[in-house]
Each structure stands twice: as C-alpha cells, then as structure tokens.
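A.B. asks: One file is attached below, query21.pdb, containing PDB, C-alpha atoms and all ligand atoms.
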MODEL        1
ATOM      1  CA  MET A   2       8.217 -19.271  14.941  1.00  0.00           C
ATOM      2  CA  LEU A   3       4.775 -20.451  16.052  1.00  0.00           C
ATOM      3  CA  VAL A   4       2.810 -18.717  13.288  1.00  0.00           C
ATOM      4  CA  PRO A   5       4.271 -19.071   9.775  1.00  0.00           C
ATOM      5  CA  ILE A   6       4.681 -16.219   7.284  1.00  0.00           C
ATOM      6  CA  PRO A   7       1.590 -16.247   5.018  1.00  0.00           C
ATOM      7  CA  ASP A   8       1.844 -16.943   1.294  1.00  0.00           C
ATOM      8  CA  LEU A   9       1.236 -13.662  -0.527  1.00  0.00           C
ATOM      9  CA  THR A  10       1.096 -15.400  -3.913  1.00  0.00           C
ATOM     10  CA  ARG A  11      -2.316 -16.800  -2.895  1.00  0.00           C
ATOM     11  CA  ALA A  12      -3.875 -13.392  -2.156  1.00  0.00           C
ATOM     12  CA  ARG A  13      -7.299 -12.989  -3.783  1.00  0.00           C
ATOM     13  CA  ARG A  14      -8.547  -9.733  -2.302  1.00  0.00           C
ATOM     14  CA  LEU A  15      -6.216  -6.825  -1.502  1.00  0.00           C
ATOM     15  CA  LEU A  16      -6.734  -3.568   0.368  1.00  0.00           C
ATOM     16  CA  CYS A  17      -3.705  -1.374  -0.351  1.00  0.00           C
ATOM     17  CA  VAL A  18      -3.488   1.603   2.032  1.00  0.00           C
ATOM     18  CA  GLN A  19      -1.078   4.299   0.914  1.00  0.00           C
ATOM     19  CA  PRO A  20      -0.090   7.684   2.355  1.00  0.00           C
ATOM     20  CA  HIS A  21       0.102   9.332  -1.100  1.00  0.00           C
ATOM     21  CA  TYR A  22      -1.349   8.563  -4.485  1.00  0.00           C
ATOM     22  CA  ASP A  23       1.791   6.940  -5.936  1.00  0.00           C
ATOM     23  CA  ASP A  24       3.223   4.996  -2.971  1.00  0.00           C
ATOM     24  CA  ASN A  25       1.490   1.656  -3.640  1.00  0.00           C
ATOM     25  CA  ASP A  26       2.717   1.634  -7.220  1.00  0.00           C
ATOM     26  CA  LEU A  27       6.236   2.902  -6.504  1.00  0.00           C
ATOM     27  CA  ALA A  28       6.931   0.328  -3.833  1.00  0.00           C
ATOM     28  CA  ALA A  29       4.702  -2.647  -4.641  1.00  0.00           C
ATOM     29  CA  GLY A  30       3.155  -1.980  -8.045  1.00  0.00           C
ATOM     30  CA  GLY A  31       4.731  -5.063  -9.589  1.00  0.00           C
ATOM     31  CA  THR A  32       3.384  -7.317  -6.854  1.00  0.00           C
ATOM     32  CA  ILE A  33      -0.084  -5.783  -7.026  1.00  0.00           C
ATOM     33  CA  ALA A  34      -0.213  -5.911 -10.841  1.00  0.00           C
ATOM     34  CA  THR A  35       0.926  -9.537 -10.812  1.00  0.00           C
ATOM     35  CA  LEU A  36      -1.767 -10.510  -8.305  1.00  0.00           C
ATOM     36  CA  ALA A  37      -4.421  -8.504 -10.172  1.00  0.00           C
ATOM     37  CA  ALA A  38      -3.484 -10.239 -13.433  1.00  0.00           C
ATOM     38  CA  ALA A  39      -3.962 -13.557 -11.629  1.00  0.00           C
ATOM     39  CA  GLY A  40      -7.503 -12.520 -10.661  1.00  0.00           C
ATOM     40  CA  ALA A  41      -7.138 -10.738  -7.322  1.00  0.00           C
ATOM     41  CA  HIS A  42      -9.625  -7.945  -6.517  1.00  0.00           C
ATOM     42  CA  VAL A  43      -7.603  -4.806  -5.705  1.00  0.00           C
ATOM     43  CA  VAL A  44      -8.834  -1.757  -3.754  1.00  0.00           C
ATOM     44  CA  TYR A  45      -6.642   1.315  -3.141  1.00  0.00           C
ATOM     45  CA  LEU A  46      -7.190   3.604  -0.160  1.00  0.00           C
ATOM     46  CA  THR A  47      -5.205   6.870  -0.334  1.00  0.00           C
ATOM     47  CA  VAL A  48      -4.858   8.836   2.895  1.00  0.00           C
ATOM     48  CA  ALA A  49      -3.534  12.304   1.962  1.00  0.00           C
ATOM     49  CA  ASP A  50      -4.954  14.793  -0.520  1.00  0.00           C
ATOM     50  CA  ASP A  51      -1.502  14.990  -2.183  1.00  0.00           C
ATOM     51  CA  LEU A  52      -1.738  18.737  -2.810  1.00  0.00           C
ATOM     52  CA  LEU A  53       1.604  19.618  -1.202  1.00  0.00           C
ATOM     53  CA  GLY A  54       3.583  17.537  -3.682  1.00  0.00           C
ATOM     54  CA  VAL A  55       2.037  19.051  -6.826  1.00  0.00           C
ATOM     55  CA  LEU A  56       4.832  20.797  -8.739  1.00  0.00           C
ATOM     56  CA  ASP A  57       2.837  23.571 -10.467  1.00  0.00           C
ATOM     57  CA  PRO A  58       2.124  26.386  -7.969  1.00  0.00           C
ATOM     58  CA  ALA A  59      -0.219  28.103 -10.457  1.00  0.00           C
ATOM     59  CA  LEU A  60      -2.866  25.368 -10.210  1.00  0.00           C
ATOM     60  CA  SER A  61      -5.808  25.956  -7.908  1.00  0.00           C
ATOM     61  CA  ASP A  62      -6.423  23.259  -5.310  1.00  0.00           C
ATOM     62  CA  ASP A  63      -9.463  22.081  -7.276  1.00  0.00           C
ATOM     63  CA  GLU A  64      -7.454  21.869 -10.510  1.00  0.00           C
ATOM     64  CA  ALA A  65      -4.686  19.976  -8.729  1.00  0.00           C
ATOM     65  CA  ARG A  66      -7.237  17.603  -7.177  1.00  0.00           C
ATOM     66  CA  ALA A  67      -8.755  16.882 -10.578  1.00  0.00           C
ATOM     67  CA  ARG A  68      -5.338  16.121 -12.104  1.00  0.00           C
ATOM     68  CA  ILE A  69      -4.376  13.857  -9.226  1.00  0.00           C
ATOM     69  CA  ALA A  70      -7.620  11.907  -9.543  1.00  0.00           C
ATOM     70  CA  GLU A  71      -7.157  11.515 -13.296  1.00  0.00           C
ATOM     71  CA  GLU A  72      -3.518  10.408 -12.984  1.00  0.00           C
ATOM     72  CA  GLN A  73      -4.537   7.885 -10.357  1.00  0.00           C
ATOM     73  CA  ARG A  74      -7.295   6.568 -12.613  1.00  0.00           C
ATOM     74  CA  VAL A  75      -4.859   6.106 -15.529  1.00  0.00           C
ATOM     75  CA  ALA A  76      -2.221   4.430 -13.330  1.00  0.00           C
ATOM     76  CA  GLY A  77      -4.812   2.219 -11.686  1.00  0.00           C
ATOM     77  CA  LYS A  78      -5.968   0.944 -15.045  1.00  0.00           C
ATOM     78  CA  GLU A  79      -2.425  -0.204 -15.791  1.00  0.00           C
ATOM     79  CA  VAL A  80      -2.021  -2.022 -12.483  1.00  0.00           C
ATOM     80  CA  GLY A  81      -5.527  -3.482 -12.386  1.00  0.00           C
ATOM     81  CA  VAL A  82      -7.065  -1.527  -9.509  1.00  0.00           C
ATOM     82  CA  ALA A  83     -10.793  -2.176  -9.255  1.00  0.00           C
ATOM     83  CA  GLU A  84     -11.643   0.667  -6.862  1.00  0.00           C
ATOM     84  CA  GLN A  85      -9.923   3.905  -5.780  1.00  0.00           C
ATOM     85  CA  CYS A  86     -10.917   5.381  -2.396  1.00  0.00           C
ATOM     86  CA  ARG A  87      -9.512   8.605  -0.967  1.00  0.00           C
ATOM     87  CA  LEU A  88      -9.650  10.076   2.536  1.00  0.00           C
ATOM     88  CA  GLU A  89      -8.340  13.517   1.434  1.00  0.00           C
ATOM     89  CA  LEU A  90      -6.526  14.341   4.677  1.00  0.00           C
ATOM     90  CA  PRO A  91      -4.236  17.378   4.293  1.00  0.00           C
ATOM     91  CA  ASP A  92      -0.858  16.378   2.869  1.00  0.00           C
ATOM     92  CA  ALA A  93       1.695  16.529   5.727  1.00  0.00           C
ATOM     93  CA  GLY A  94      -1.001  18.273   7.766  1.00  0.00           C
ATOM     94  CA  ARG A  95      -2.483  18.061  11.223  1.00  0.00           C
ATOM     95  CA  TRP A  96      -4.727  15.056  11.597  1.00  0.00           C
ATOM     96  CA  ASP A  97      -5.357  12.407  14.169  1.00  0.00           C
ATOM     97  CA  VAL A  98      -3.820   8.965  13.769  1.00  0.00           C
ATOM     98  CA  LEU A  99      -6.581   7.249  15.804  1.00  0.00           C
ATOM     99  CA  ALA A 100      -9.260   8.767  13.587  1.00  0.00           C
ATOM    100  CA  LEU A 101      -7.294   7.480  10.587  1.00  0.00           C
ATOM    101  CA  ARG A 102      -7.120   4.027  12.200  1.00  0.00           C
ATOM    102  CA  ASP A 103     -10.902   4.023  12.541  1.00  0.00           C
ATOM    103  CA  SER A 104     -11.332   5.075   8.883  1.00  0.00           C
ATOM    104  CA  ILE A 105      -9.029   2.277   7.738  1.00  0.00           C
ATOM    105  CA  ALA A 106     -10.811  -0.230  10.000  1.00  0.00           C
ATOM    106  CA  ARG A 107     -14.104   0.767   8.368  1.00  0.00           C
ATOM    107  CA  GLU A 108     -12.607   0.062   4.924  1.00  0.00           C
ATOM    108  CA  LEU A 109     -11.186  -3.237   6.175  1.00  0.00           C
ATOM    109  CA  ARG A 110     -14.665  -4.272   7.287  1.00  0.00           C
ATOM    110  CA  ARG A 111     -16.235  -3.094   4.033  1.00  0.00           C
ATOM    111  CA  VAL A 112     -13.684  -4.707   1.682  1.00  0.00           C
ATOM    112  CA  ASN A 113     -12.759  -7.616   4.008  1.00  0.00           C
ATOM    113  CA  PRO A 114      -9.500  -8.459   2.195  1.00  0.00           C
ATOM    114  CA  ASP A 115      -7.355 -11.537   2.716  1.00  0.00           C
ATOM    115  CA  PHE A 116      -4.245  -9.310   2.485  1.00  0.00           C
ATOM    116  CA  LEU A 117      -3.577  -5.736   3.552  1.00  0.00           C
ATOM    117  CA  LEU A 118      -0.686  -3.916   1.876  1.00  0.00           C
ATOM    118  CA  THR A 119       0.714  -0.739   3.387  1.00  0.00           C
ATOM    119  CA  VAL A 120       3.876   1.211   4.144  1.00  0.00           C
ATOM    120  CA  ASP A 121       6.310  -0.031   6.817  1.00  0.00           C
ATOM    121  CA  PRO A 122       6.054   2.580   9.614  1.00  0.00           C
ATOM    122  CA  TRP A 123       9.390   1.470  11.066  1.00  0.00           C
ATOM    123  CA  LEU A 124      11.609   2.221   8.052  1.00  0.00           C
ATOM    124  CA  ALA A 125      14.904   3.670   9.338  1.00  0.00           C
ATOM    125  CA  ASP A 126      15.347   7.412   8.704  1.00  0.00           C
ATOM    126  CA  GLU A 127      11.749   7.891   7.488  1.00  0.00           C
ATOM    127  CA  ALA A 128      10.906  11.535   8.238  1.00  0.00           C
ATOM    128  CA  HIS A 129       7.569  11.916   6.410  1.00  0.00           C
ATOM    129  CA  ARG A 130       4.932  11.686   9.079  1.00  0.00           C
ATOM    130  CA  ASP A 131       2.230  10.756   6.542  1.00  0.00           C
ATOM    131  CA  HIS A 132       4.153   7.504   6.027  1.00  0.00           C
ATOM    132  CA  THR A 133       4.745   6.627   9.672  1.00  0.00           C
ATOM    133  CA  ARG A 134       1.187   7.594  10.689  1.00  0.00           C
ATOM    134  CA  THR A 135      -0.431   5.699   7.814  1.00  0.00           C
ATOM    135  CA  GLY A 136       1.589   2.550   8.473  1.00  0.00           C
ATOM    136  CA  ILE A 137       0.888   2.393  12.186  1.00  0.00           C
ATOM    137  CA  ALA A 138      -2.798   3.320  11.736  1.00  0.00           C
ATOM    138  CA  ALA A 139      -3.286   0.612   9.095  1.00  0.00           C
ATOM    139  CA  LEU A 140      -1.563  -2.062  11.165  1.00  0.00           C
ATOM    140  CA  GLU A 141      -3.465  -1.182  14.328  1.00  0.00           C
ATOM    141  CA  ALA A 142      -6.677  -1.275  12.293  1.00  0.00           C
ATOM    142  CA  ALA A 143      -5.664  -4.743  11.068  1.00  0.00           C
ATOM    143  CA  LEU A 144      -5.337  -5.859  14.687  1.00  0.00           C
ATOM    144  CA  LEU A 145      -8.680  -4.469  15.810  1.00  0.00           C
ATOM    145  CA  PHE A 146     -11.220  -4.504  12.978  1.00  0.00           C
ATOM    146  CA  GLY A 147     -12.175  -8.173  13.435  1.00  0.00           C
ATOM    147  CA  LEU A 148     -13.024  -7.795  17.129  1.00  0.00           C
ATOM    148  CA  PRO A 149     -16.800  -8.079  17.635  1.00  0.00           C
ATOM    149  CA  ARG A 150     -16.989  -5.097  20.010  1.00  0.00           C
ATOM    150  CA  TYR A 151     -15.107  -2.778  17.632  1.00  0.00           C
ATOM    151  CA  ARG A 152     -17.504  -0.320  15.967  1.00  0.00           C
ATOM    152  CA  THR A 153     -17.249   1.521  12.652  1.00  0.00           C
ATOM    153  CA  THR A 154     -20.567   2.544  11.081  1.00  0.00           C
ATOM    154  CA  PRO A 155     -23.869   0.695  11.646  1.00  0.00           C
ATOM    155  CA  GLU A 156     -24.380  -0.137   7.944  1.00  0.00           C
ATOM    156  CA  ILE A 157     -20.904  -1.601   7.487  1.00  0.00           C
ATOM    157  CA  ASP A 158     -20.879  -3.363  10.847  1.00  0.00           C
ATOM    158  CA  ALA A 159     -24.243  -4.980  10.028  1.00  0.00           C
ATOM    159  CA  GLY A 160     -22.807  -6.554   6.862  1.00  0.00           C
ATOM    160  CA  PHE A 161     -19.557  -7.746   8.441  1.00  0.00           C
ATOM    161  CA  ALA A 162     -19.410 -11.475   9.136  1.00  0.00           C
ATOM    162  CA  GLY A 163     -15.831 -11.701  10.469  1.00  0.00           C
ATOM    163  CA  SER A 164     -12.303 -10.995   9.318  1.00  0.00           C
ATOM    164  CA  ALA A 165     -10.912 -12.826   6.290  1.00  0.00           C
ATOM    165  CA  LEU A 166      -7.469 -11.257   6.795  1.00  0.00           C
ATOM    166  CA  ARG A 167      -4.651 -13.801   6.465  1.00  0.00           C
ATOM    167  CA  GLY A 168      -1.681 -11.480   6.120  1.00  0.00           C
ATOM    168  CA  VAL A 169      -0.216  -8.010   5.818  1.00  0.00           C
ATOM    169  CA  ALA A 170       2.565  -7.001   3.437  1.00  0.00           C
ATOM    170  CA  LEU A 171       4.719  -3.964   4.222  1.00  0.00           C
ATOM    171  CA  TYR A 172       6.482  -2.074   1.449  1.00  0.00           C
ATOM    172  CA  PHE A 173       9.159   0.610   1.653  1.00  0.00           C
ATOM    173  CA  THR A 174      10.684  -1.714   4.213  1.00  0.00           C
ATOM    174  CA  GLY A 175      14.284  -2.181   5.317  1.00  0.00           C
ATOM    175  CA  ARG A 176      13.476  -5.648   6.684  1.00  0.00           C
ATOM    176  CA  PRO A 177      12.012  -7.667   3.797  1.00  0.00           C
ATOM    177  CA  ASN A 178      11.348 -11.338   4.422  1.00  0.00           C
ATOM    178  CA  THR A 179       9.628 -12.083   1.090  1.00  0.00           C
ATOM    179  CA  TRP A 180      10.888 -11.470  -2.451  1.00  0.00           C
ATOM    180  CA  PHE A 181       7.925 -11.481  -4.811  1.00  0.00           C
ATOM    181  CA  ASP A 182       8.518 -12.363  -8.494  1.00  0.00           C
ATOM    182  CA  ILE A 183       7.036  -9.458 -10.478  1.00  0.00           C
ATOM    183  CA  GLY A 184       7.727 -10.806 -13.935  1.00  0.00           C
ATOM    184  CA  ALA A 185       4.061 -10.652 -14.894  1.00  0.00           C
ATOM    185  CA  GLY A 186       3.404  -7.188 -13.494  1.00  0.00           C
ATOM    186  CA  ARG A 187       6.614  -5.209 -13.817  1.00  0.00           C
ATOM    187  CA  ASP A 188       5.835  -3.492 -17.119  1.00  0.00           C
ATOM    188  CA  ALA A 189       2.410  -2.412 -15.852  1.00  0.00           C
ATOM    189  CA  LYS A 190       4.021  -0.948 -12.715  1.00  0.00           C
ATOM    190  CA  HIS A 191       6.485   1.134 -14.705  1.00  0.00           C
ATOM    191  CA  ARG A 192       3.790   2.316 -17.122  1.00  0.00           C
ATOM    192  CA  ALA A 193       1.632   3.315 -14.147  1.00  0.00           C
ATOM    193  CA  LEU A 194       4.421   5.445 -12.667  1.00  0.00           C
ATOM    194  CA  ASP A 195       4.605   7.468 -15.873  1.00  0.00           C
ATOM    195  CA  ALA A 196       1.089   8.752 -15.122  1.00  0.00           C
ATOM    196  CA  TYR A 197       2.127  10.657 -11.980  1.00  0.00           C
ATOM    197  CA  VAL A 198       3.322  13.770 -13.806  1.00  0.00           C
ATOM    198  CA  SER A 199       1.819  16.326 -11.395  1.00  0.00           C
ATOM    199  CA  GLN A 200       4.437  15.352  -8.828  1.00  0.00           C
ATOM    200  CA  LEU A 201       7.207  13.696 -10.831  1.00  0.00           C
ATOM    201  CA  ASP A 202       8.996  15.640 -13.589  1.00  0.00           C
ATOM    202  CA  PRO A 203      10.628  13.725 -16.469  1.00  0.00           C
ATOM    203  CA  ASP A 204      14.131  13.793 -14.938  1.00  0.00           C
ATOM    204  CA  THR A 205      12.838  12.513 -11.612  1.00  0.00           C
ATOM    205  CA  LEU A 206      10.878   9.784 -13.381  1.00  0.00           C
ATOM    206  CA  ARG A 207      13.981   8.643 -15.256  1.00  0.00           C
ATOM    207  CA  VAL A 208      15.919   8.398 -11.983  1.00  0.00           C
ATOM    208  CA  ILE A 209      13.038   6.513 -10.353  1.00  0.00           C
ATOM    209  CA  HIS A 210      12.751   3.961 -13.187  1.00  0.00           C
ATOM    210  CA  ALA A 211      16.508   3.336 -13.132  1.00  0.00           C
ATOM    211  CA  GLY A 212      16.680   3.121  -9.345  1.00  0.00           C
ATOM    212  CA  LEU A 213      13.730   0.738  -9.211  1.00  0.00           C
ATOM    213  CA  GLU A 214      15.206  -1.489 -11.907  1.00  0.00           C
ATOM    214  CA  SER A 215      18.420  -1.812  -9.939  1.00  0.00           C
ATOM    215  CA  LYS A 216      16.505  -2.774  -6.776  1.00  0.00           C
ATOM    216  CA  GLU A 217      14.173  -5.116  -8.686  1.00  0.00           C
ATOM    217  CA  ARG A 218      17.175  -6.949 -10.151  1.00  0.00           C
ATOM    218  CA  ARG A 219      18.867  -7.307  -6.759  1.00  0.00           C
ATOM    219  CA  TRP A 220      15.657  -8.536  -5.153  1.00  0.00           C
ATOM    220  CA  GLY A 221      15.211 -10.843  -8.159  1.00  0.00           C
ATOM    221  CA  GLU A 222      18.513 -12.516  -7.289  1.00  0.00           C
ATOM    222  CA  ARG A 223      17.082 -13.270  -3.834  1.00  0.00           C
ATOM    223  CA  ALA A 224      13.919 -14.686  -5.399  1.00  0.00           C
ATOM    224  CA  GLY A 225      15.717 -16.651  -8.125  1.00  0.00           C
ATOM    225  CA  CYS A 226      14.045 -14.683 -10.915  1.00  0.00           C
ATOM    226  CA  THR A 227      14.826 -11.587 -12.995  1.00  0.00           C
ATOM    227  CA  PHE A 228      12.767  -8.943 -11.181  1.00  0.00           C
ATOM    228  CA  ALA A 229      11.230  -8.988  -7.713  1.00  0.00           C
ATOM    229  CA  GLU A 230       9.975  -6.682  -4.969  1.00  0.00           C
ATOM    230  CA  GLY A 231      11.105  -7.019  -1.356  1.00  0.00           C
ATOM    231  CA  LEU A 232       8.264  -6.977   1.164  1.00  0.00           C
ATOM    232  CA  ARG A 233       7.845  -7.756   4.828  1.00  0.00           C
ATOM    233  CA  VAL A 234       4.949 -10.205   5.016  1.00  0.00           C
ATOM    234  CA  LEU A 235       3.407 -10.956   8.391  1.00  0.00           C
ATOM    235  CA  HIS A 236       0.427 -12.803   9.846  1.00  0.00           C
ATOM    236  CA  PRO A 237      -1.912 -10.512  11.813  1.00  0.00           C
ATOM    237  CA  ALA A 238      -0.823 -12.394  14.954  1.00  0.00           C
ATOM    238  CA  HIS A 239       2.718 -11.075  14.385  1.00  0.00           C
ATOM    239  CA  LEU A 240       1.530  -7.489  14.907  1.00  0.00           C
ATOM    240  CA  HIS A 241       1.309  -7.644  18.693  1.00  0.00           C
ATOM    241  CA  CYS A 242       3.821  -8.937  21.264  1.00  0.00           C
ATOM    242  CA  ASN A 243       5.779 -11.007  18.755  1.00  0.00           C
ATOM    243  CA  PRO A 244       9.050 -12.199  20.317  1.00  0.00           C
ATOM    244  CA  ASP A 245      10.274 -13.524  16.942  1.00  0.00           C
ATOM    245  CA  ALA A 246      10.004 -10.146  15.176  1.00  0.00           C
ATOM    246  CA  GLU A 247      13.748  -9.466  14.928  1.00  0.00           C
ATOM    247  CA  GLU A 248      14.417 -12.957  13.532  1.00  0.00           C
ATOM    248  CA  MET A 249      11.759 -12.750  10.806  1.00  0.00           C
ATOM    249  CA  VAL A 250      14.059 -11.451   8.093  1.00  0.00           C
TER     250      VAL A 250
HETATM  251 ZN    ZN A 301       4.390   8.998   0.039  1.00  0.00          ZN
ENDMDL
END
Let me see the structure of the file written as structure tokens.

C.D. replies:
Amino acid sequence: MLVPIPDLTRARRLLCVQPHYDDNDLAAGGTIATLAAAGAHVVYLTVADDLLGVLDPALSDDEARARIAEEQRVAGKEVGVAEQCRLELPDAGRWDVLALRDSIARELRRVNPDFLLTVDPWLADEAHRDHTRTGIAALEAALLFGLPRYRTTPEIDAGFAGSALRGVALYFTGRPNTWFDIGAGRDAKHRALDAYVSQLDPDTLRVIHAGLESKERRWGERAGCTFAEGLRVLHPAHLHCNPDAEEMV
C-alpha cells in the first residue's frame, strides 16, 4: 500500500455527513464523542428532512420538523457537536446526487475538516437510497473540493486556502479496517440515542442499545479494549483508482 491508512485518533476537526438525523450517532457516536471530548471541533451536516420516519402521523410537517430539530440539539449536546447544519432534502425523495455533492463540497470548503465521516455507500444489501446517495456524494465531494477550479459560492471560495483533509471514515460499513476505542464516548453516544424519540419507540430503542452493545464488545475485542466502533478509514487518495482497495481490511 503506497498511501497508509490515516490515524483517526489525531482528528481535530470533523465534518460528519449523515443521511438522517440519527445516523452519525447510531453508527459512530462513540468515536465522535471521544474525539470531541479530546478537543475536536465537530460539525454535523444532515441531508434529509427526516419527515418520513416520524412515527406520529397526526403531527404537521412543521411540528415534526420542530421536534426533529430539538431532538438533534439534545443529542448533539451529549456527543459534543458544535454546529448542526441541515439540507432538508425530502426523506427518500427525488433529488439530484450531483447537486448534493456540490452542497457537501461547499460545506467541506467552509468547515475545512481534517476528517470527513459519512456512511459507506457500498454496504451490502443497503436498500435506502438516501444512504447510498449521501455516501457517494460525500466521497466524490471529498475528491473534488480541494481542486482550484472547482467552484461552490464566491464568498466561501474566496476564504478557502486549500484542503486540510487527511482522511475519511466510513460507518455502517461491512469492511472495517479500524477499530476505534470508544471508552471515553460510549455513554454519551447511548444517551444521545435516547433523544431520537420521534422515530424510535421505546422497544426499538431497547433493541438498538442491546444490538449496539453486542457489536461494540465484538469490535472491542479487535481493538484490545472493552468497547469499540468498526470504521473504514481511508486517505482521500484511496477514493479513486485504488488497486489496493480489496486488501485494505
Ligand atoms: Zn439513515
């Protein structure tokens, strides 16, 4: 492997791009909370408006939006999120993946993180198009946003002095190559998940906590600690024509 896998433990500035309002926390909340507790600046970018997943059909769209925003604020406080940004694209709706890529590239230029976290678009059996579209849009944005001839908006482009991106970390992945010790952030992750009551009823939440604990323990065995999260961490150079991709597990 010509380009080594970057060290996620040294991340200082994270942009975490998620399809839905709970995906970052469900899949990587322990990692993010651990890095935030160590001083990393964390920005969340949520793609969908999340209205389709709201359980109460009696709520108006505006009421549902307000609850989602409040739940995200409460969860973000637990994890240590400094800024919540939302694109409000229709949940499981018709929207253009290239336009999403450009929106994410704009946020990459604005935030200029050293690590991008997002969903793995190549997870086997994944049928939710919000997940596959968000993952591929975010990774293509990671490839392109540092190029000098790429354009977002004049104000943001004027303040952009070059990419600081050192790595991307994919969650909800079937091909992890990094097992991140979440000892310092695990409790915050699980407390954050309890905020997402518009979409997760108490029985579902119980199943999620138990299922996550089982995975966190198994990943912890790989990491040599009690609890870990499995992620696929790549250098931006790995995102295009990488002949070592299948061996990087
Ligand atoms: Zn989702």

A.B. asks: A:His241: which residues within 12 Å, counting only C-alpha atoms, same-chain residues fewer than 5 positions away excluded, as a ChimeraX atom specification?

C.D. replies: /A:137,140-141,143-145,235-236,246

A.B. asks: With all atoms listed in the file counted and 6 Å as the cut-off, give the residues of chain A in contact with ligand ZN 301 (chain A), each with its shortest interatomic distance in Å and the pair that gives it, as a Markdown table.

C.D. replies:
| residue | atom | partner | partner_atom | distance |
| --- | --- | --- | --- | --- |
| A:Pro20 | CA | A:ZN301 | ZN | 5.2 |
| A:His21 | CA | A:ZN301 | ZN | 4.4 |
| A:Asp24 | CA | A:ZN301 | ZN | 5.1 |

A.B. asks: Could you save those same residues with C-alpha atoms as a PDB file, keeping the file's coordinate frame?

C.D. replies:
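Ended up saving to part-v4.pdb:
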ATOM      1  CA  PRO A  20      -0.090   7.684   2.355  1.00  0.00           C
ATOM      2  CA  HIS A  21       0.102   9.332  -1.100  1.00  0.00           C
ATOM      3  CA  ASP A  24       3.223   4.996  -2.971  1.00  0.00           C
TER       4      ASP A  24
END

A.B. asks: Can you turn the PyMOL selection byres (((chain A and resi 80) around 7) and not hetatm) into a concrete residue list for this file, as a VMD selection string?

C.D. replies: chain A and resid 30 33 to 34 76 to 79 81 to 82 189 to 190 193

A.B. asks: Using only C-alpha atoms, find the one residue out of A:Leu166, A:Ala142, A:Val120, A:Ala93 that sits nearest to A:Asp26.

C.D. replies: A:Val120

A.B. asks: Hey, can you check how far atom CA of A:Gly147 sits from atom CA of A:Tyr45?

C.D. replies: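 Taking atom CA of A:Gly147 and atom CA of A:Tyr45, their separation equals 19.9 Å.
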